[in-house]
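> One file: final-v1.cif (mmCIF, C-alpha atoms and all ligand atoms).
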data_input
#
loop_
_atom_site.label_atom_id
_atom_site.label_comp_id
_atom_site.auth_asym_id
_atom_site.auth_seq_id
_atom_site.Cartn_x
_atom_site.Cartn_y
_atom_site.Cartn_z
CA MET A 21 -67.76 -64.85 -50.90
CA THR A 22 -67.93 -62.69 -47.77
CA GLU A 23 -65.01 -60.49 -48.74
CA PRO A 24 -66.52 -58.68 -51.74
CA VAL A 25 -69.75 -58.12 -49.80
CA GLN A 26 -67.86 -56.43 -47.01
CA SER A 27 -66.01 -54.13 -49.37
CA GLN A 28 -69.09 -53.35 -51.45
CA VAL A 29 -71.01 -52.32 -48.37
CA GLU A 30 -68.06 -50.36 -47.05
CA ASP A 31 -67.73 -48.50 -50.32
CA LYS A 32 -71.25 -47.24 -49.81
CA GLN A 33 -70.30 -46.01 -46.37
CA VAL A 34 -66.89 -44.54 -47.10
CA GLN A 35 -68.42 -41.46 -48.64
CA MET A 36 -69.94 -40.72 -45.28
CA PHE A 37 -67.56 -39.05 -42.86
CA LYS A 38 -63.82 -38.73 -43.26
CA CYS A 39 -61.53 -37.06 -40.77
CA GLN A 40 -60.48 -33.68 -42.15
CA SER A 41 -56.98 -33.99 -40.76
CA CYS A 42 -56.07 -37.65 -41.43
CA GLY A 43 -58.78 -39.10 -43.66
CA ALA A 44 -59.81 -41.94 -41.35
CA LYS A 45 -63.46 -42.73 -40.70
CA MET A 46 -65.10 -40.64 -38.04
CA GLN A 47 -67.16 -42.26 -35.27
CA PHE A 48 -70.04 -40.95 -33.22
CA VAL A 49 -69.13 -40.52 -29.53
CA PRO A 50 -71.97 -41.85 -27.29
CA GLY A 51 -73.45 -39.30 -24.93
CA SER A 52 -72.09 -36.36 -26.93
CA ALA A 53 -73.01 -34.29 -29.96
CA VAL A 54 -69.72 -34.91 -31.80
CA GLN A 55 -67.99 -37.37 -34.07
CA GLN A 56 -64.39 -38.19 -33.29
CA CYS A 57 -61.53 -39.62 -35.32
CA PRO A 58 -60.33 -42.82 -33.61
CA TYR A 59 -56.74 -42.15 -34.83
CA CYS A 60 -56.02 -38.45 -34.33
CA SER A 61 -58.93 -37.50 -32.03
CA HIS A 62 -60.05 -34.72 -34.39
CA GLU A 63 -63.66 -33.77 -33.57
CA ASN A 64 -66.62 -32.69 -35.70
CA ALA A 65 -69.71 -31.19 -34.12
CA ILE A 66 -72.93 -32.77 -35.36
CA PRO A 67 -75.27 -30.05 -36.63
CA GLN A 68 -78.26 -29.88 -34.28
CA SER A 69 -81.44 -29.94 -36.29
CA GLU A 70 -84.39 -27.82 -35.23
CA GLU A 71 -86.63 -29.82 -37.52
CA ASP A 72 -89.78 -31.22 -35.92
CA ILE A 73 -90.29 -34.95 -35.91
CA HIS A 74 -93.59 -35.44 -37.74
CA GLU A 75 -96.06 -38.22 -37.40
CA LEU A 76 -97.01 -39.60 -40.84
CA ASP A 77 -100.49 -40.67 -41.90
CA PHE A 78 -100.73 -44.47 -41.93
CA HIS A 79 -103.38 -45.03 -44.63
CA ALA A 80 -102.13 -42.32 -46.96
CA TYR A 81 -98.68 -43.84 -46.66
CA LEU A 82 -99.82 -47.38 -47.43
CA ALA A 83 -101.84 -46.12 -50.42
CA THR A 84 -98.84 -44.42 -52.03
CA GLN A 85 -96.32 -46.84 -50.53
CA GLY A 86 -94.54 -43.65 -49.50
CA THR A 87 -92.41 -43.62 -52.62
CA GLU A 88 -90.68 -40.35 -51.81
CA ASP A 89 -89.51 -41.56 -48.43
CA LEU A 90 -87.92 -44.81 -49.49
CA ALA A 91 -84.18 -45.18 -49.22
CA GLU A 92 -82.21 -47.78 -51.08
CA THR A 93 -79.52 -49.27 -48.89
CA LEU A 94 -76.98 -51.97 -49.34
CA THR A 95 -77.03 -54.27 -46.35
CA ILE A 96 -75.76 -57.70 -45.53
CA LYS A 97 -78.09 -60.48 -44.62
CA CYS A 98 -77.18 -63.31 -42.26
CA ASN A 99 -78.07 -66.67 -43.76
CA HIS A 100 -78.54 -68.23 -40.34
CA CYS A 101 -80.98 -65.86 -38.68
CA ALA A 102 -82.05 -63.61 -41.59
CA ALA A 103 -81.02 -60.42 -39.78
CA GLU A 104 -80.30 -57.63 -42.22
CA PHE A 105 -77.94 -54.85 -41.21
CA SER A 106 -75.26 -52.44 -42.29
CA THR A 107 -71.72 -53.47 -41.61
CA GLU A 108 -69.50 -51.49 -39.30
CA ALA A 109 -66.61 -49.70 -40.93
CA ASN A 110 -63.13 -50.91 -39.90
CA VAL A 111 -64.44 -54.15 -38.48
CA THR A 112 -63.08 -57.37 -39.87
CA SER A 113 -65.00 -59.71 -37.59
CA GLN A 114 -67.25 -61.93 -39.63
CA GLU A 115 -69.65 -62.94 -36.91
CA CYS A 116 -73.33 -62.08 -36.98
CA PRO A 117 -74.09 -59.79 -34.02
CA PHE A 118 -77.59 -61.27 -33.75
CA CYS A 119 -76.88 -65.00 -33.66
CA GLY A 120 -73.13 -65.31 -33.15
CA SER A 121 -72.61 -67.59 -36.14
CA GLU A 122 -70.02 -67.16 -38.86
CA ILE A 123 -71.64 -64.99 -41.47
CA VAL A 124 -72.18 -66.46 -44.86
CA ALA A 125 -73.55 -63.16 -46.01
CA THR A 126 -75.28 -62.03 -49.10
CA ALA A 127 -75.38 -58.36 -49.99
CA VAL A 128 -78.94 -57.26 -50.55
CA SER A 129 -80.11 -53.98 -51.92
CA THR A 130 -83.50 -53.17 -50.49
CA LYS A 131 -85.90 -50.25 -50.49
CA HIS A 132 -86.99 -49.32 -47.03
CA ILE A 133 -88.92 -46.49 -45.44
CA LYS A 134 -86.31 -44.12 -44.08
CA PRO A 135 -86.15 -43.72 -40.32
CA LYS A 136 -87.00 -40.11 -39.51
CA SER A 137 -85.71 -39.99 -35.96
CA LEU A 138 -83.52 -41.80 -33.46
CA LEU A 139 -82.16 -41.80 -29.94
CA PRO A 140 -78.35 -41.52 -30.12
CA PHE A 141 -76.18 -43.90 -28.06
CA TYR A 142 -75.53 -42.63 -24.55
CA ILE A 143 -73.91 -45.72 -22.98
CA THR A 144 -70.32 -46.08 -24.26
CA ARG A 145 -68.74 -49.36 -25.36
CA LYS A 146 -66.62 -49.33 -22.19
CA GLN A 147 -69.68 -48.91 -19.96
CA GLY A 148 -71.47 -51.61 -21.96
CA ARG A 149 -68.60 -54.01 -21.40
CA GLY A 150 -68.67 -53.23 -17.68
CA LEU A 151 -72.41 -53.92 -17.51
CA PHE A 152 -71.89 -57.18 -19.39
CA SER A 153 -69.20 -58.47 -17.00
CA LYS A 154 -71.29 -57.45 -14.00
CA TRP A 155 -74.26 -59.37 -15.40
CA LEU A 156 -72.05 -62.39 -16.07
CA SER A 157 -70.58 -62.38 -12.58
CA GLY A 158 -74.11 -62.44 -11.16
CA LEU A 159 -74.91 -65.71 -12.95
CA TRP A 160 -74.44 -68.30 -10.25
CA PHE A 161 -75.42 -71.32 -12.21
CA ALA A 162 -73.84 -70.46 -15.56
CA PRO A 163 -71.26 -72.78 -17.06
CA SER A 164 -67.74 -71.39 -16.41
CA ASP A 165 -66.54 -71.62 -20.01
CA LEU A 166 -69.48 -69.44 -21.05
CA LYS A 167 -68.13 -66.59 -18.94
CA ARG A 168 -64.74 -66.80 -20.62
CA MET A 169 -66.32 -66.96 -24.05
CA ALA A 170 -68.69 -64.06 -23.50
CA GLU A 171 -65.95 -61.78 -22.19
CA ASN A 172 -64.55 -61.54 -25.69
CA ASP A 173 -64.71 -57.82 -26.45
CA ALA A 174 -65.33 -58.13 -30.18
CA LYS A 175 -68.70 -59.66 -29.42
CA LEU A 176 -70.32 -56.46 -28.22
CA ALA A 177 -71.92 -54.68 -31.18
CA GLY A 178 -73.53 -51.23 -31.07
CA MET A 179 -76.71 -51.60 -33.11
CA TYR A 180 -79.42 -49.11 -34.04
CA VAL A 181 -82.53 -51.29 -33.92
CA PRO A 182 -85.63 -50.38 -35.99
CA TYR A 183 -88.95 -49.59 -34.31
CA TRP A 184 -92.37 -48.27 -35.29
CA THR A 185 -94.55 -46.13 -33.08
CA TYR A 186 -98.24 -45.63 -33.72
CA ASP A 187 -100.76 -43.07 -32.53
CA THR A 188 -104.46 -43.77 -32.94
CA ASP A 189 -107.93 -42.99 -31.61
CA THR A 190 -110.03 -46.05 -30.85
CA THR A 191 -113.78 -46.64 -30.69
CA THR A 192 -114.78 -49.98 -29.21
CA PHE A 193 -118.27 -51.50 -29.26
CA TYR A 194 -118.73 -54.27 -26.74
CA ARG A 195 -121.21 -56.75 -25.32
CA GLY A 196 -120.90 -58.48 -22.01
CA GLN A 197 -122.31 -58.85 -18.54
CA ARG A 198 -122.15 -56.91 -15.30
CA GLY A 199 -121.94 -59.00 -12.15
CA GLU A 200 -123.31 -57.65 -8.86
CA HIS A 201 -122.59 -59.32 -5.56
CA TYR A 202 -125.30 -60.09 -3.00
CA TRP A 203 -125.43 -62.06 0.19
CA ASP A 204 -127.62 -65.10 0.73
CA THR A 205 -128.34 -67.27 3.76
CA GLU A 206 -127.66 -70.95 3.31
CA HIS A 207 -128.75 -73.84 5.56
CA TYR A 208 -126.43 -76.74 6.08
CA THR A 209 -125.90 -79.63 8.45
CA THR A 210 -122.72 -80.59 10.24
CA ARG A 211 -121.66 -82.89 13.09
CA GLU A 212 -120.79 -81.42 16.47
CA ASN A 213 -119.87 -83.58 19.47
CA GLY A 214 -121.22 -86.64 17.67
CA LYS A 215 -124.60 -85.02 16.93
CA THR A 216 -125.97 -83.80 13.63
CA VAL A 217 -126.85 -80.08 13.87
CA ARG A 218 -128.51 -77.69 11.43
CA LYS A 219 -126.79 -74.34 10.92
CA THR A 220 -126.94 -71.27 8.68
CA ARG A 221 -124.22 -69.24 7.05
CA ARG A 222 -123.93 -66.12 4.82
CA VAL A 223 -122.58 -66.71 1.31
CA ARG A 224 -121.62 -64.25 -1.41
CA LYS A 225 -123.23 -64.76 -4.80
CA THR A 226 -123.17 -62.87 -8.10
CA ARG A 227 -126.19 -61.81 -10.13
CA TRP A 228 -125.43 -61.15 -13.82
CA TYR A 229 -127.03 -58.44 -15.98
CA PRO A 230 -126.53 -57.87 -19.72
CA ALA A 231 -124.26 -54.93 -20.61
CA SER A 232 -123.21 -53.30 -23.87
CA GLY A 233 -121.78 -49.96 -24.88
CA THR A 234 -119.04 -47.96 -26.55
CA VAL A 235 -115.71 -46.78 -25.16
CA TRP A 236 -113.21 -44.35 -26.66
CA GLY A 237 -109.45 -44.41 -26.27
CA SER A 238 -106.52 -42.36 -27.47
CA PHE A 239 -103.09 -43.92 -27.83
CA ASP A 240 -99.78 -42.12 -28.18
CA ASP A 241 -96.49 -43.73 -29.28
CA VAL A 242 -97.38 -47.41 -29.08
CA LEU A 243 -93.89 -48.86 -29.53
CA VAL A 244 -93.38 -51.92 -31.77
CA LEU A 245 -90.07 -53.67 -32.43
CA ALA A 246 -89.59 -53.95 -36.22
CA SER A 247 -86.80 -56.52 -35.93
CA GLU A 248 -87.29 -60.27 -36.02
CA SER A 249 -83.70 -61.01 -35.04
CA LEU A 250 -84.08 -60.16 -31.37
CA PRO A 251 -86.18 -61.95 -28.75
CA ARG A 252 -89.21 -59.73 -28.10
CA LYS A 253 -89.56 -60.83 -24.49
CA TYR A 254 -86.15 -59.28 -23.74
CA THR A 255 -86.47 -56.17 -25.91
CA GLU A 256 -89.77 -55.35 -24.16
CA LYS A 257 -87.95 -55.48 -20.84
CA LEU A 258 -85.46 -52.88 -22.14
CA GLU A 259 -88.29 -50.33 -21.93
CA PRO A 260 -88.93 -47.55 -21.08
CA TRP A 261 -87.19 -45.50 -23.75
CA ASP A 262 -86.96 -41.71 -23.39
CA LEU A 263 -88.84 -41.08 -26.64
CA GLN A 264 -89.30 -37.43 -25.66
CA ASN A 265 -85.60 -37.00 -26.51
CA LEU A 266 -85.77 -38.28 -30.10
CA VAL A 267 -83.64 -36.31 -32.55
CA PRO A 268 -84.17 -36.01 -36.31
CA HIS A 269 -82.30 -38.75 -38.16
CA ALA A 270 -78.73 -37.77 -39.12
CA ASP A 271 -76.11 -40.14 -40.52
CA GLU A 272 -73.50 -38.66 -38.18
CA TYR A 273 -75.03 -40.54 -35.23
CA LEU A 274 -74.73 -43.84 -37.09
CA SER A 275 -71.01 -43.60 -37.79
CA GLY A 276 -69.09 -46.31 -35.95
CA PHE A 277 -72.29 -48.26 -35.28
CA ARG A 278 -74.42 -50.67 -37.26
CA THR A 279 -78.00 -50.20 -38.30
CA GLU A 280 -80.52 -52.97 -38.69
CA SER A 281 -83.19 -52.82 -41.40
CA TYR A 282 -86.78 -53.53 -40.40
CA GLN A 283 -88.20 -56.96 -41.19
CA ILE A 284 -91.68 -56.26 -39.85
CA ASN A 285 -93.25 -53.79 -42.26
CA LEU A 286 -95.48 -50.83 -41.47
CA GLU A 287 -98.72 -52.81 -41.85
CA ASN A 288 -97.66 -55.86 -39.84
CA GLY A 289 -96.19 -53.58 -37.21
CA PHE A 290 -99.68 -52.16 -36.68
CA GLU A 291 -101.00 -55.70 -36.06
CA HIS A 292 -98.53 -55.96 -33.17
CA ALA A 293 -99.64 -52.52 -31.96
CA ARG A 294 -103.28 -53.73 -31.89
CA GLY A 295 -102.16 -56.60 -29.68
CA LEU A 296 -100.48 -54.15 -27.31
CA MET A 297 -103.61 -51.96 -27.18
CA ASP A 298 -105.90 -54.89 -26.35
CA ALA A 299 -105.28 -54.99 -22.59
CA PRO A 300 -105.79 -51.21 -22.04
CA ILE A 301 -108.98 -51.32 -24.17
CA ARG A 302 -110.30 -54.23 -22.06
CA ARG A 303 -109.65 -52.15 -18.95
CA LEU A 304 -111.74 -49.31 -20.45
CA VAL A 305 -114.56 -51.75 -21.21
CA ARG A 306 -114.50 -53.24 -17.69
CA ARG A 307 -114.63 -49.79 -16.15
CA ASP A 308 -117.58 -48.92 -18.43
CA ILE A 309 -119.48 -52.10 -17.49
CA GLY A 310 -118.97 -51.34 -13.80
CA GLY A 311 -120.43 -53.54 -11.05
CA ASP A 312 -118.37 -55.95 -8.97
CA GLU A 313 -117.34 -58.32 -11.77
CA GLN A 314 -117.38 -58.07 -15.55
CA ARG A 315 -117.58 -60.51 -18.46
CA ILE A 316 -116.73 -59.42 -22.01
CA SER A 317 -118.35 -61.60 -24.68
CA SER A 318 -117.49 -59.57 -27.78
CA MET A 319 -115.48 -56.47 -28.65
CA ARG A 320 -115.03 -54.68 -31.96
CA THR A 321 -112.56 -51.82 -32.29
CA GLN A 322 -112.32 -49.18 -34.96
CA TYR A 323 -108.98 -47.36 -35.32
CA ASP A 324 -109.08 -43.76 -36.56
CA ASN A 325 -106.44 -41.12 -37.23
CA ILE A 326 -103.61 -43.64 -37.34
CA THR A 327 -100.22 -42.00 -37.64
CA PHE A 328 -96.78 -43.52 -37.30
CA LYS A 329 -93.09 -42.83 -36.93
CA HIS A 330 -90.19 -45.02 -37.98
CA LEU A 331 -87.28 -44.68 -35.60
CA LEU A 332 -84.01 -46.25 -34.51
CA LEU A 333 -83.16 -47.09 -30.91
CA PRO A 334 -79.63 -47.85 -29.64
CA VAL A 335 -78.89 -51.32 -28.26
CA TRP A 336 -75.59 -52.99 -27.36
CA ILE A 337 -75.86 -56.63 -28.40
CA SER A 338 -73.77 -59.66 -27.73
CA ALA A 339 -74.72 -63.01 -29.21
CA TYR A 340 -72.90 -66.17 -28.33
CA ARG A 341 -73.34 -69.79 -29.25
CA TYR A 342 -73.08 -72.35 -26.54
CA LYS A 343 -73.63 -76.04 -27.28
CA ASN A 344 -75.41 -75.18 -30.55
CA LYS A 345 -77.85 -72.76 -28.99
CA VAL A 346 -77.82 -68.97 -29.37
CA TYR A 347 -77.87 -66.78 -26.29
CA ARG A 348 -78.23 -63.03 -26.46
CA PHE A 349 -77.38 -60.25 -24.14
CA LEU A 350 -78.88 -56.77 -24.68
CA ILE A 351 -78.25 -53.35 -23.13
CA ASN A 352 -80.51 -50.33 -23.55
CA GLY A 353 -78.02 -47.84 -25.09
CA ARG A 354 -79.71 -44.95 -23.25
CA THR A 355 -80.41 -46.21 -19.74
CA GLY A 356 -78.00 -49.14 -19.35
CA GLU A 357 -80.89 -51.54 -18.58
CA VAL A 358 -79.57 -55.08 -19.07
CA GLN A 359 -81.46 -58.15 -20.29
CA GLY A 360 -80.10 -61.49 -21.34
CA GLU A 361 -80.65 -65.12 -22.10
CA ARG A 362 -78.50 -67.60 -20.27
CA PRO A 363 -77.78 -71.27 -20.19
CA TRP A 364 -77.82 -73.14 -16.87
CA SER A 365 -75.09 -75.44 -15.71
CA PHE A 366 -76.73 -78.64 -14.47
CA VAL A 367 -73.53 -79.71 -12.76
CA LYS A 368 -73.53 -76.53 -10.67
CA ILE A 369 -77.24 -76.82 -9.86
CA LEU A 370 -76.79 -80.47 -8.86
CA LEU A 371 -73.86 -79.59 -6.60
CA ALA A 372 -75.93 -76.85 -4.92
CA VAL A 373 -78.82 -79.25 -4.35
CA VAL A 374 -76.49 -81.85 -2.90
CA ALA A 375 -74.91 -79.20 -0.66
CA GLY A 376 -78.42 -78.11 0.46
CA LEU A 377 -79.40 -81.70 1.28
CA ALA A 378 -76.14 -82.17 3.18
CA VAL A 379 -77.01 -79.17 5.38
CA VAL A 380 -80.50 -80.55 6.09
CA GLY A 381 -79.01 -84.00 6.77
CA GLY A 382 -76.52 -82.44 9.18
CA VAL A 383 -79.29 -80.67 11.13
CA VAL A 384 -81.29 -83.89 11.44
CA LEU A 385 -78.18 -85.69 12.74
CA VAL A 386 -77.47 -82.98 15.32
CA ILE A 387 -81.10 -83.12 16.58
CA ALA A 388 -81.00 -86.90 16.76
CA ALA A 389 -77.71 -86.79 18.69
CA SER A 390 -78.97 -84.24 21.22
CA GLN A 391 -81.99 -86.37 22.19
ZN ZN B 401 -58.02 -38.17 -37.93
ZN ZN B 402 -77.31 -64.17 -37.77
#
Produce C-alpha cells that represent the structure in this file.
Ligand SMILES: [Zn+2]
Ligand SMILES: [Zn+2]


Amino acid sequence: MTEPVQSQVEDKQVQMFKCQSCGAKMQFVPGSAVQQCPYCSHENAIPQSEEDIHELDFHAYLATQGTEDLAETLTIKCNHCAAEFSTEANVTSQECPFCGSEIVATAVSTKHIKPKSLLPFYITRKQGRGLFSKWLSGLWFAPSDLKRMAENDAKLAGMYVPYWTYDTDTTTFYRGQRGEHYWDTEHYTTRENGKTVRKTRRVRKTRWYPASGTVWGSFDDVLVLASESLPRKYTEKLEPWDLQNLVPHADEYLSGFRTESYQINLENGFEHARGLMDAPIRRLVRRDIGGDEQRISSMRTQYDNITFKHLLLPVWISAYRYKNKVYRFLINGRTGEVQGERPWSFVKILLAVVAGLAVVGGVVLVIAASQ
C-alpha cells in the first residue's frame, strides 16, 4: 500500500529539477544560492527573484477563498499523527518524520493556499547532526538506549514547516479600575516584657477608582505555526526567526527537503494570532489606566486592516518512539537553536539521589566522629 503512494508522489516531483549532466535529482545546498547534484556535484544557480513579498488582504481572501492562489499538491498523510507532507526524493525510509512511526500512508490531493515566501535552510544536515549529538550528550538522566536509537542518521529530516503571519491595527475598548496607594496609621496592641502595650504603625492601602477608555495598537508579523504535528511549546522556543530575510517562494529551495502542508487554516490561524496579541494589548490597557495598580474587568478589540502572509520556515526534525511515547527534537534551520522533548531515566535519577544521600550521610558521620 505504501509503495504506490511513494512512487505517485515522486512522479509529481521528478519533473522538478534534473541534473543537466547526469539526470539525477538536484538538491538545494543549505546556506547557499545553488542546487547541487548529489552524484556528480554539478551546480545550478537559483535565480534570485527581485519580486516583493506582498501582504494579502485577509477578508478579501476569505470572501473569494483566494481561488487563483490555490495549488493542488499530492502529499502523503500519516495515519498515526495526521501530518501531511511531501515525500523526499530518493528516500526509501518509511518512517513519519513527525511521530517516528511506520507510515501507513494515504496519498491525498489537496488544495492549499500557496506559500509566497520562505527562509531557505542555512544549517546543513551535518551541522544538524552535530547539534543533535551535542544535545543528547547533555542529557544526564536520559536512558542510555535512547541515545543509541536517536543517533540513527536517517531520523533527521529537513522539513519546511508552514506558518502564517498577520499584520493588523487594533482598537480596544476597556473598563476597569485604577488603584492608587495611600498610607494609613493603624493602632494595634502587642506584648512587650510581659505587658500589653498599644502601638501604631503605617500601612499601605489601595483606593480604587473606575476607569474606562480606548487604546490603539499596531501589530506586524504576528507569527503563527500552521502545523498541528509539532509541539507548539517547542516551536515557539525556536524563535526568533529572521523574517527580514524572507525570499520569494521558489521550488529550487525545496529540492532535497520535505514540505509540510498547513493543517490550521487562514481563519483559525488568526484565532491563534488574537491569543498572541492579548498580552501586549493588556499591557497597553494597563498603561492607559495608570495609577499604582490596575484591574481590567472587560475588553473588546476590533481588528482592522488585517493582512497575512503564508510562509515556510526550515526545521530539522527527529522523532523517535521510546516505550510507546513519541519524543521530538527540533532545530531552527537558520540559527541552529535546539529544542527537544526527552524521557527521563528513573534508574539514573534514583542512583543520583542515593549517591547524594550517601554524601550527606558521610558528612554526618565525619562530624559525629570528630566530636
Ligand atoms: Zn549529476
Ligand atoms: Zn506521523

> Chain A near ligand ZN 402 (chain B) within 12 Å: what's each residue's closest atom pair and its distance in Å to one decimal, counting only C-alpha atoms and all ligand atoms, ordered by chain then ascending residue number, as a tab-separated table?


residue	atom	partner	partner_atom	distance
A:Ile96	CA	B:ZN402	ZN	10.2
A:Lys97	CA	B:ZN402	ZN	7.8
A:Cys98	CA	B:ZN402	ZN	4.6
A:Asn99	CA	B:ZN402	ZN	6.5
A:His100	CA	B:ZN402	ZN	5.0
A:Cys101	CA	B:ZN402	ZN	4.1
A:Ala102	CA	B:ZN402	ZN	6.1
A:Ala103	CA	B:ZN402	ZN	5.6
A:Glu104	CA	B:ZN402	ZN	8.5
A:Phe105	CA	B:ZN402	ZN	10.0
A:Gln114	CA	B:ZN402	ZN	10.5
A:Glu115	CA	B:ZN402	ZN	7.8
A:Cys116	CA	B:ZN402	ZN	4.6
A:Pro117	CA	B:ZN402	ZN	6.6
A:Phe118	CA	B:ZN402	ZN	5.0
A:Cys119	CA	B:ZN402	ZN	4.2
A:Gly120	CA	B:ZN402	ZN	6.3
A:Ser121	CA	B:ZN402	ZN	6.0
A:Glu122	CA	B:ZN402	ZN	8.0
A:Ile123	CA	B:ZN402	ZN	6.8
A:Val124	CA	B:ZN402	ZN	9.0
A:Ala125	CA	B:ZN402	ZN	9.1
A:Thr126	CA	B:ZN402	ZN	11.7
A:Glu248	CA	B:ZN402	ZN	10.9
A:Ser249	CA	B:ZN402	ZN	7.6
A:Leu250	CA	B:ZN402	ZN	10.1
A:Glu280	CA	B:ZN402	ZN	11.7
A:Ser338	CA	B:ZN402	ZN	11.6
A:Ala339	CA	B:ZN402	ZN	9.0
A:Tyr340	CA	B:ZN402	ZN	10.6
A:Arg341	CA	B:ZN402	ZN	11.0
A:Val346	CA	B:ZN402	ZN	9.7
A:Tyr347	CA	B:ZN402	ZN	11.8
A:Arg348	CA	B:ZN402	ZN	11.4

> Fewer than 2 positions away in the same chain doesn't count, so skip those; otherwise give me all residues within 10 Å of Ala246 of chain A, counting only C-alpha atoms, as a PyMOL selection string.

chain A and resi 181-185+243-244+248-250+252+280-286+288-289+292+330-332

> Hey, which residues come within 7 Å of ligand ZN 401 (chain B) if we count all atoms listed in the file? Could you give them as a PyMOL selection string?

chain A and resi 39-44+57-62

> Between A:Asn344, A:Gly233, A:Glu259, A:Ile326, which has the minimum distance to Arg306 of chain A (counting only C-alpha atoms)?

A:Gly233

> For a cutoff of 8 Å around the file-coordinate point (-101.9, -42.8, -33.1), which residues qualify once you count only C-alpha atoms? I'd like the result as a VMD selection string.

chain A and resid 186 to 189 238 to 242 325 to 328

> Please indicate the distance in Å from atom CA of Thr205 of chain A to atom CA of Arg227 of chain A, rounded to one decimal place.

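Separating atom CA of Thr205 of chain A from atom CA of Arg227 of chain A is a distance of 15.1 Å.
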